[in-house]
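The structure under discussion appears below in the form of structure tokens.
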Amino acid sequence: MTKQRILFLGAGRMAEAILSGLVQNAGDRVDEIIVTNRANGERLAELKQTYGVTTTHQWRDQVRN
């Protein structure tokens with residue numbers, strides 16, 4: 001089974017609702033979940049701690065990957 005990398009552009013409530021469902025239901029099929037946010041490092045730290053996702057402010061670098 002091919003695993004996926006999923007990138008969220010933004011770390012708001014909608015992104016959290018979707019990534020929460022992914023972590024709970026598709027964790028074995030998703031290789032990495034990346035969440036980006038331009039300015040709110042505190043929010044990224046919260047999501048990283050809660051869901052174990054990768055976080056960054058540099059979304060363009062992640063799109064290139």
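Chain labels A, B, ... are given in the sequence in which chains occur in the structure tokens; within each chain residues are numbered consecutively from 1, and ligands are likewise numbered from 1 in the order shown.
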>> Quick one: residues within 8 Å of range 47-63 of chain A, only C-alpha atoms, excluding same-chain residues fewer than 5 positions away - as a ChimeraX atom specification?
In response: /A:7,9,16,20,23,32-39,41
> Out of chain A, which residues get strand (DSSP E) from DSSP, as a ChimeraX atom specification?
Replying inline: /A:4-9,30-36,54-56
>> To one decimal place in Å, what is the distance between CA of Asp31 in chain A and CA of Leu19 in chain A?
In response: 13.0 Å
>> Taking the DSSP secondary structure from the backbone, can you list the residues of chain A that are helix (DSSP H, G or I), as a VMD selection string?
In response: chain A and resid 13 to 25 41 to 51 59 to 64
>> Can you pull out the residues contacting Ile18 in chain A? Cut-off 12 Å, using only C-alpha atoms, and skip same-chain residues under 3 positions away; I want them as a list in words.
In response: Ile6, Leu7, Phe8, Gly10, Ala11, Gly12, Arg13, Met14, Ala15, Gly21, Leu22, Val23, Gln24, Asn25, Ala26, Ile33, Val35 and Tyr51 of chain A
Write the residues of the preceding selection, restricted to all heavy atoms, as a tab-separated table (two decimals), in the first residue's frame.
```tsv
chain	number	residue	atom	x	y	z
A	6	ILE	N	0.50	14.46	3.42
A	6	ILE	CA	-0.60	15.42	3.31
A	6	ILE	C	-0.14	16.74	3.92
A	6	ILE	O	0.38	16.77	5.03
A	6	ILE	CB	-1.85	14.90	4.04
A	6	ILE	CG1	-2.30	13.59	3.38
A	6	ILE	CG2	-2.96	15.94	4.01
A	6	ILE	CD1	-3.40	12.88	4.13
A	7	LEU	N	-0.36	17.82	3.17
A	7	LEU	CA	0.05	19.16	3.59
A	7	LEU	C	-1.18	20.02	3.81
A	7	LEU	O	-2.03	20.15	2.93
A	7	LEU	CB	0.94	19.79	2.52
A	7	LEU	CG	1.33	21.25	2.70
A	7	LEU	CD1	2.18	21.44	3.95
A	7	LEU	CD2	2.07	21.75	1.46
A	8	PHE	N	-1.29	20.61	5.01
A	8	PHE	CA	-2.34	21.56	5.32
A	8	PHE	C	-1.76	22.96	5.25
A	8	PHE	O	-0.80	23.27	5.94
A	8	PHE	CB	-2.90	21.33	6.73
A	8	PHE	CG	-3.78	20.13	6.84
A	8	PHE	CD1	-3.25	18.88	7.12
A	8	PHE	CD2	-5.15	20.25	6.67
A	8	PHE	CE1	-4.06	17.78	7.21
A	8	PHE	CE2	-5.98	19.14	6.76
A	8	PHE	CZ	-5.43	17.90	7.04
A	10	GLY	N	-2.41	26.14	6.49
A	10	GLY	CA	-3.22	26.77	7.53
A	10	GLY	C	-3.43	25.81	8.68
A	10	GLY	O	-3.46	24.60	8.49
A	11	ALA	N	-3.56	26.37	9.87
A	11	ALA	CA	-3.67	25.56	11.07
A	11	ALA	C	-4.89	25.93	11.90
A	11	ALA	O	-4.87	25.89	13.12
A	11	ALA	CB	-2.39	25.72	11.91
A	12	GLY	N	-5.97	26.26	11.21
A	12	GLY	CA	-7.19	26.67	11.90
A	12	GLY	C	-8.03	25.49	12.35
A	12	GLY	O	-7.62	24.33	12.31
A	13	ARG	N	-9.22	25.80	12.77
A	13	ARG	CA	-10.13	24.79	13.31
A	13	ARG	C	-10.52	23.74	12.26
A	13	ARG	O	-10.64	22.56	12.58
A	13	ARG	CB	-11.38	25.45	13.86
A	13	ARG	CG	-11.10	26.23	15.11
A	13	ARG	CD	-12.36	26.85	15.64
A	13	ARG	NE	-12.04	27.71	16.78
A	13	ARG	CZ	-12.84	28.60	17.28
A	13	ARG	NH1	-14.05	28.76	16.77
A	13	ARG	NH2	-12.47	29.33	18.31
A	14	MET	N	-10.75	24.18	11.03
A	14	MET	CA	-11.13	23.22	9.99
A	14	MET	C	-9.98	22.26	9.71
A	14	MET	O	-10.19	21.05	9.60
A	14	MET	CB	-11.53	23.95	8.71
A	14	MET	CG	-12.00	23.02	7.61
A	14	MET	SD	-13.46	22.04	8.04
A	14	MET	CE	-14.70	23.31	8.11
A	15	ALA	N	-8.77	22.78	9.62
A	15	ALA	CA	-7.61	21.91	9.41
A	15	ALA	C	-7.47	20.92	10.56
A	15	ALA	O	-7.21	19.73	10.34
A	15	ALA	CB	-6.33	22.75	9.27
A	21	GLY	N	-9.31	13.60	12.27
A	21	GLY	CA	-9.93	12.43	11.67
A	21	GLY	C	-8.93	11.56	10.94
A	21	GLY	O	-9.00	10.33	10.99
A	22	LEU	N	-8.00	12.20	10.25
A	22	LEU	CA	-6.96	11.43	9.55
A	22	LEU	C	-6.10	10.64	10.52
A	22	LEU	O	-5.82	9.46	10.29
A	22	LEU	CB	-6.06	12.37	8.74
A	22	LEU	CG	-6.62	12.89	7.43
A	22	LEU	CD1	-5.71	13.97	6.86
A	22	LEU	CD2	-6.77	11.76	6.43
A	23	VAL	N	-5.68	11.28	11.58
A	23	VAL	CA	-4.84	10.60	12.57
A	23	VAL	C	-5.58	9.42	13.19
A	23	VAL	O	-5.01	8.34	13.36
A	23	VAL	CB	-4.37	11.60	13.67
A	23	VAL	CG1	-3.75	10.88	14.84
A	23	VAL	CG2	-3.39	12.61	13.07
A	24	GLN	N	-6.85	9.58	13.47
A	24	GLN	CA	-7.63	8.52	14.10
A	24	GLN	C	-7.99	7.38	13.15
A	24	GLN	O	-8.02	6.22	13.55
A	24	GLN	CB	-8.92	9.09	14.68
A	24	GLN	CG	-8.71	9.98	15.87
A	24	GLN	CD	-10.00	10.61	16.35
A	24	GLN	OE1	-11.10	10.27	15.90
A	24	GLN	NE2	-9.89	11.54	17.27
A	25	ASN	N	-8.24	7.71	11.88
A	25	ASN	CA	-8.79	6.71	10.97
A	25	ASN	C	-7.88	6.26	9.83
A	25	ASN	O	-8.14	5.22	9.24
A	25	ASN	CB	-10.10	7.23	10.37
A	25	ASN	CG	-11.14	7.48	11.43
A	25	ASN	OD1	-11.40	6.63	12.25
A	25	ASN	ND2	-11.69	8.69	11.45
A	26	ALA	N	-6.87	7.03	9.52
A	26	ALA	CA	-6.04	6.68	8.36
A	26	ALA	C	-4.56	6.71	8.70
A	26	ALA	O	-3.73	6.77	7.81
A	26	ALA	CB	-6.32	7.64	7.21
A	33	ILE	N	1.90	13.94	7.96
A	33	ILE	CA	0.98	15.06	7.88
A	33	ILE	C	1.77	16.30	8.26
A	33	ILE	O	2.39	16.34	9.32
A	33	ILE	CB	-0.23	14.88	8.81
A	33	ILE	CG1	-1.03	13.64	8.43
A	33	ILE	CG2	-1.12	16.13	8.78
A	33	ILE	CD1	-2.15	13.29	9.41
A	35	VAL	N	1.65	20.49	8.72
A	35	VAL	CA	0.75	21.63	8.93
A	35	VAL	C	1.58	22.90	8.89
A	35	VAL	O	2.62	22.99	9.53
A	35	VAL	CB	0.02	21.52	10.28
A	35	VAL	CG1	-0.94	22.68	10.47
A	35	VAL	CG2	-0.72	20.19	10.41
A	51	TYR	N	-1.12	15.97	18.01
A	51	TYR	CA	-1.33	14.97	16.96
A	51	TYR	C	-0.05	14.34	16.41
A	51	TYR	O	-0.14	13.43	15.60
A	51	TYR	CB	-2.11	15.60	15.79
A	51	TYR	CG	-3.45	16.13	16.21
A	51	TYR	CD1	-3.66	17.50	16.41
A	51	TYR	CD2	-4.52	15.27	16.45
A	51	TYR	CE1	-4.88	17.98	16.81
A	51	TYR	CE2	-5.75	15.75	16.86
A	51	TYR	CZ	-5.92	17.11	17.04
A	51	TYR	OH	-7.14	17.58	17.45
```
